[in-house]
Amino acid sequence: MLPELQSMNDGKAYRSLCIKIGAKRWARAFSPLRRYRFMTSNVAESLNSALRNARKFPVCTVIEFIRGLIQKWFHARGEKAAERTEILTEHVTKMMVSNKSYADFMTVKSINSFEFQVLDGTRERFVNLQEKTCSCRKFQLDLLPCAHAIAAIRWAGQDVYAYCADYFKTINLREMYSGQIYPVGHPNDWQVPSEIKSKIVLPRFGSVQAGHPQSTRFPSAGEVRRGRRKQQVCSICKQPGHNRVNCQYENVIGQPSTSQREEVAEGSTRRCRRRGGVRRCSSCGQTRHTRLTCRTPQMDVLDDETNFSHNW
């Protein structure tokens with residue numbers, strides 16, 4: 001991967017990721033902390049998405065909404081954990097099954113009672129079961145046996161689940177969601193201490209900004225907003241990317257071309273035939289076109305109307 005980064009874009013990607021930012025910020029193998037297969041800890045984004053529709057309500061309503069949401073989450077996840085009979089959680093079990101399928105094709109050679117040499121195709125790895133480490137670094141980073149460690153554990157005749165961290169076991173998942181979250185009840189039923197009742201909360205100082213309050217968060221640097229904006233289409237040529245004002249098929253600004261006039265006029269005539277009436281232009285009084293597609297200059301029409309009014 002690193003040689004490919006060095007060859008891309010004159011090495012700018014390599015200098016930006018490996019030198020300027022540092023590999024510890026995007027690669028788990030170089031991270032000083034244990035990430036458990038996750039390189040982000042921004043849980044606030046997930047909670048912010050769940051509270052997207054409730055943020056516009058008052059503070060007390062939002063707090064009650066959060067309490068009810070967490071109550072629903074704890075109940076649903078607690079019941080799901082209670083029904084599970086496997087030793088590991090669902091996601092970790094799938095990972096272990098995948099690692100076991102890779103371990104079936106590996107060759108193990110013993111060094112001593114707890115160190116092993118594992119041949120993975122053209123590569124070789126060293127596994128230490130006593131220290132729970134592997135030269136591929138996945139064993140010690142994930143706290144789960146990698147494919148090389150599983151092959152060594154099978155060779156040693158030991159239990160694979162004994163080398164899994166307690167964080168991924170179902171018994172701890174049940175204990176995590178064993179608590180209950182109760183509603184706070186009506187404010188009239190609250191037992192509020194006298195020292196809290198005696199406190200006077202003043203309104204905040206400062207002026208309120210005019211307009212509708214901000215309902216969406218500001219995007220981070222380099223973030224692309226995913227929206228479903230309707231593509232703009234010209235009303236004359238029906239092509240995207242521009243409107244009728246700057247349409248390239250126009251002879252004069254604001255007036256459609258001859259081919260577009262005929263197309264619009266033909267469409268208007270067909271619509272009038274379906275309705276059973278005759279449509280006439282409001283400027284010249286002729287059929288088969290409208291005022292917007294009229295070929296008669298507007299100034300001549302105005303002069304005729306002025307002369308007609310004067311003669312009348």
# chains A, B, ... in the order shown; residues from 1 in each chain; ligands from 1

call {"tool": "select_by_dssp", "arguments": {"residues": "region 13-257 of chain A", "states": "strand (DSSP E)", "output": "ChimeraX atom specification"}}
result
/A:107-110,115-120,123-128,133-134,250-252,255-256

call {"tool": "write_last_selection", "arguments": {"atoms": "N, CA, C and O atoms", "output": "PDB file, in the first residue's frame"}}
result
ATOM      1  N   THR A 107      -0.255 -24.011   7.836  1.00  0.00           N
ATOM      2  CA  THR A 107       0.604 -25.061   8.385  1.00  0.00           C
ATOM      3  C   THR A 107       1.282 -24.548   9.643  1.00  0.00           C
ATOM      4  O   THR A 107       1.804 -23.424   9.658  1.00  0.00           O
ATOM      5  N   VAL A 108       1.277 -25.344  10.707  1.00  0.00           N
ATOM      6  CA  VAL A 108       1.806 -24.944  12.013  1.00  0.00           C
ATOM      7  C   VAL A 108       3.016 -25.813  12.347  1.00  0.00           C
ATOM      8  O   VAL A 108       2.986 -27.040  12.170  1.00  0.00           O
ATOM      9  N   LYS A 109       4.058 -25.148  12.834  1.00  0.00           N
ATOM     10  CA  LYS A 109       5.264 -25.835  13.319  1.00  0.00           C
ATOM     11  C   LYS A 109       5.559 -25.348  14.729  1.00  0.00           C
ATOM     12  O   LYS A 109       5.622 -24.138  14.965  1.00  0.00           O
ATOM     13  N   SER A 110       5.744 -26.263  15.656  1.00  0.00           N
ATOM     14  CA  SER A 110       5.953 -25.906  17.062  1.00  0.00           C
ATOM     15  C   SER A 110       7.393 -25.468  17.296  1.00  0.00           C
ATOM     16  O   SER A 110       8.344 -26.085  16.789  1.00  0.00           O
ATOM     17  N   GLU A 115       4.974 -21.222  21.773  1.00  0.00           N
ATOM     18  CA  GLU A 115       5.366 -20.455  20.605  1.00  0.00           C
ATOM     19  C   GLU A 115       5.299 -21.349  19.365  1.00  0.00           C
ATOM     20  O   GLU A 115       5.725 -22.506  19.388  1.00  0.00           O
ATOM     21  N   PHE A 116       4.782 -20.757  18.272  1.00  0.00           N
ATOM     22  CA  PHE A 116       4.547 -21.544  17.070  1.00  0.00           C
ATOM     23  C   PHE A 116       4.920 -20.720  15.840  1.00  0.00           C
ATOM     24  O   PHE A 116       4.820 -19.491  15.841  1.00  0.00           O
ATOM     25  N   GLN A 117       5.309 -21.425  14.806  1.00  0.00           N
ATOM     26  CA  GLN A 117       5.557 -20.842  13.501  1.00  0.00           C
ATOM     27  C   GLN A 117       4.414 -21.261  12.591  1.00  0.00           C
ATOM     28  O   GLN A 117       4.175 -22.457  12.373  1.00  0.00           O
ATOM     29  N   VAL A 118       3.723 -20.276  12.037  1.00  0.00           N
ATOM     30  CA  VAL A 118       2.549 -20.527  11.198  1.00  0.00           C
ATOM     31  C   VAL A 118       2.882 -20.089   9.781  1.00  0.00           C
ATOM     32  O   VAL A 118       3.267 -18.931   9.554  1.00  0.00           O
ATOM     33  N   LEU A 119       2.728 -20.997   8.824  1.00  0.00           N
ATOM     34  CA  LEU A 119       2.998 -20.715   7.412  1.00  0.00           C
ATOM     35  C   LEU A 119       1.686 -20.382   6.725  1.00  0.00           C
ATOM     36  O   LEU A 119       0.781 -21.227   6.638  1.00  0.00           O
ATOM     37  N   ASP A 120       1.593 -19.147   6.252  1.00  0.00           N
ATOM     38  CA  ASP A 120       0.398 -18.651   5.565  1.00  0.00           C
ATOM     39  C   ASP A 120       0.756 -18.421   4.103  1.00  0.00           C
ATOM     40  O   ASP A 120       1.085 -17.313   3.683  1.00  0.00           O
ATOM     41  N   ARG A 123       4.027 -16.521   3.291  1.00  0.00           N
ATOM     42  CA  ARG A 123       4.445 -15.767   4.477  1.00  0.00           C
ATOM     43  C   ARG A 123       4.482 -16.683   5.684  1.00  0.00           C
ATOM     44  O   ARG A 123       3.787 -17.698   5.737  1.00  0.00           O
ATOM     45  N   GLU A 124       5.272 -16.263   6.649  1.00  0.00           N
ATOM     46  CA  GLU A 124       5.328 -16.999   7.916  1.00  0.00           C
ATOM     47  C   GLU A 124       5.102 -16.027   9.071  1.00  0.00           C
ATOM     48  O   GLU A 124       5.592 -14.894   9.055  1.00  0.00           O
ATOM     49  N   ARG A 125       4.356 -16.490  10.062  1.00  0.00           N
ATOM     50  CA  ARG A 125       4.031 -15.684  11.235  1.00  0.00           C
ATOM     51  C   ARG A 125       4.464 -16.430  12.482  1.00  0.00           C
ATOM     52  O   ARG A 125       4.527 -17.670  12.490  1.00  0.00           O
ATOM     53  N   PHE A 126       4.734 -15.659  13.531  1.00  0.00           N
ATOM     54  CA  PHE A 126       5.138 -16.226  14.819  1.00  0.00           C
ATOM     55  C   PHE A 126       4.068 -15.876  15.846  1.00  0.00           C
ATOM     56  O   PHE A 126       3.734 -14.711  16.045  1.00  0.00           O
ATOM     57  N   VAL A 127       3.543 -16.907  16.491  1.00  0.00           N
ATOM     58  CA  VAL A 127       2.447 -16.761  17.454  1.00  0.00           C
ATOM     59  C   VAL A 127       2.959 -17.164  18.821  1.00  0.00           C
ATOM     60  O   VAL A 127       3.600 -18.210  18.983  1.00  0.00           O
ATOM     61  N   ASN A 128       2.666 -16.293  19.814  1.00  0.00           N
ATOM     62  CA  ASN A 128       3.003 -16.562  21.211  1.00  0.00           C
ATOM     63  C   ASN A 128       1.698 -16.623  21.991  1.00  0.00           C
ATOM     64  O   ASN A 128       1.060 -15.591  22.246  1.00  0.00           O
ATOM     65  N   THR A 133       0.101 -12.834  21.400  1.00  0.00           N
ATOM     66  CA  THR A 133       0.604 -11.953  20.358  1.00  0.00           C
ATOM     67  C   THR A 133       0.824 -12.749  19.079  1.00  0.00           C
ATOM     68  O   THR A 133       0.983 -13.974  19.097  1.00  0.00           O
ATOM     69  N   CYS A 134       0.827 -12.022  17.964  1.00  0.00           N
ATOM     70  CA  CYS A 134       1.116 -12.580  16.652  1.00  0.00           C
ATOM     71  C   CYS A 134       1.897 -11.524  15.878  1.00  0.00           C
ATOM     72  O   CYS A 134       1.712 -10.316  16.083  1.00  0.00           O
ATOM     73  N   GLU A 250     -31.183  30.085 -27.981  1.00  0.00           N
ATOM     74  CA  GLU A 250     -31.969  31.294 -28.186  1.00  0.00           C
ATOM     75  C   GLU A 250     -31.280  32.213 -29.177  1.00  0.00           C
ATOM     76  O   GLU A 250     -30.049  32.332 -29.187  1.00  0.00           O
ATOM     77  N   ASN A 251     -32.054  32.881 -30.028  1.00  0.00           N
ATOM     78  CA  ASN A 251     -31.515  33.884 -30.941  1.00  0.00           C
ATOM     79  C   ASN A 251     -31.357  35.220 -30.256  1.00  0.00           C
ATOM     80  O   ASN A 251     -30.371  35.933 -30.446  1.00  0.00           O
ATOM     81  N   VAL A 252     -32.346  35.583 -29.451  1.00  0.00           N
ATOM     82  CA  VAL A 252     -32.323  36.841 -28.714  1.00  0.00           C
ATOM     83  C   VAL A 252     -32.598  36.505 -27.269  1.00  0.00           C
ATOM     84  O   VAL A 252     -33.351  35.592 -26.966  1.00  0.00           O
ATOM     85  N   GLN A 255     -36.062  35.476 -25.888  1.00  0.00           N
ATOM     86  CA  GLN A 255     -36.937  34.986 -26.947  1.00  0.00           C
ATOM     87  C   GLN A 255     -36.410  33.656 -27.451  1.00  0.00           C
ATOM     88  O   GLN A 255     -35.224  33.538 -27.786  1.00  0.00           O
ATOM     89  N   PRO A 256     -37.215  32.621 -27.545  1.00  0.00           N
ATOM     90  CA  PRO A 256     -36.739  31.331 -28.022  1.00  0.00           C
ATOM     91  C   PRO A 256     -36.455  31.346 -29.516  1.00  0.00           C
ATOM     92  O   PRO A 256     -36.902  32.230 -30.244  1.00  0.00           O
TER      93      PRO A 256
END

call {"tool": "residues_around", "arguments": {"residues": "Lys72 (chain A)", "least_positions_apart": "3", "cutoff": "12 Å", "atoms": "only C-alpha atoms", "output": "ChimeraX atom specification"}}
result
/A:65-69,75-79,177,180-183

call {"tool": "select_by_dssp", "arguments": {"residues": "region 52-294 of chain A", "states": "alpha helix (DSSP H)", "output": "PyMOL selection string"}}
result
chain A and resi 59-83+90-103+138-142+147-156+170-176+194-197+258-275

call {"tool": "atom_distance", "arguments": {"atom1": "CA of Gly157 (chain A)", "atom2": "CA of Ala29 (chain A)"}}
result
28.9 Å

call {"tool": "residues_around", "arguments": {"residues": "region 207-218 of chain A", "least_positions_apart": "4", "cutoff": "9 Å", "atoms": "only C-alpha atoms", "output": "list in words"}}
result
Arg52, Arg55 and Lys56 of chain A

call {"tool": "write_last_selection", "arguments": {"atoms": "N, CA, C and O atoms", "output": "compact mmCIF listing (two decimals), in the first residue's frame"}}
result
# COMPACT_ATOMS: atom_id res chain seq x y z
N ARG A 52 -32.13 14.11 15.30
CA ARG A 52 -32.27 15.13 14.26
C ARG A 52 -33.65 15.79 14.29
O ARG A 52 -33.78 17.00 14.13
N ARG A 55 -34.39 17.99 17.94
CA ARG A 55 -33.57 19.12 18.39
C ARG A 55 -34.31 20.45 18.34
O ARG A 55 -33.90 21.41 18.98
N LYS A 56 -35.38 20.53 17.57
CA LYS A 56 -36.11 21.78 17.45
C LYS A 56 -37.05 22.02 18.62
O LYS A 56 -37.61 23.12 18.72

call {"tool": "closest_residue", "arguments": {"among": "A:Val160, A:Val192, A:Leu129, A:Leu33", "to": "Ile111 (chain A)", "atoms": "only C-alpha atoms"}}
result
A:Leu129

call {"tool": "atom_distance", "arguments": {"atom1": "CA of Asn112 (chain A)", "atom2": "CA of Met96 (chain A)"}}
result
25.2 Å

call {"tool": "closest_residue", "arguments": {"among": "A:His148, A:Lys20, A:Arg295, A:Arg15", "to": "Ser101 (chain A)", "atoms": "only C-alpha atoms"}}
result
A:His148
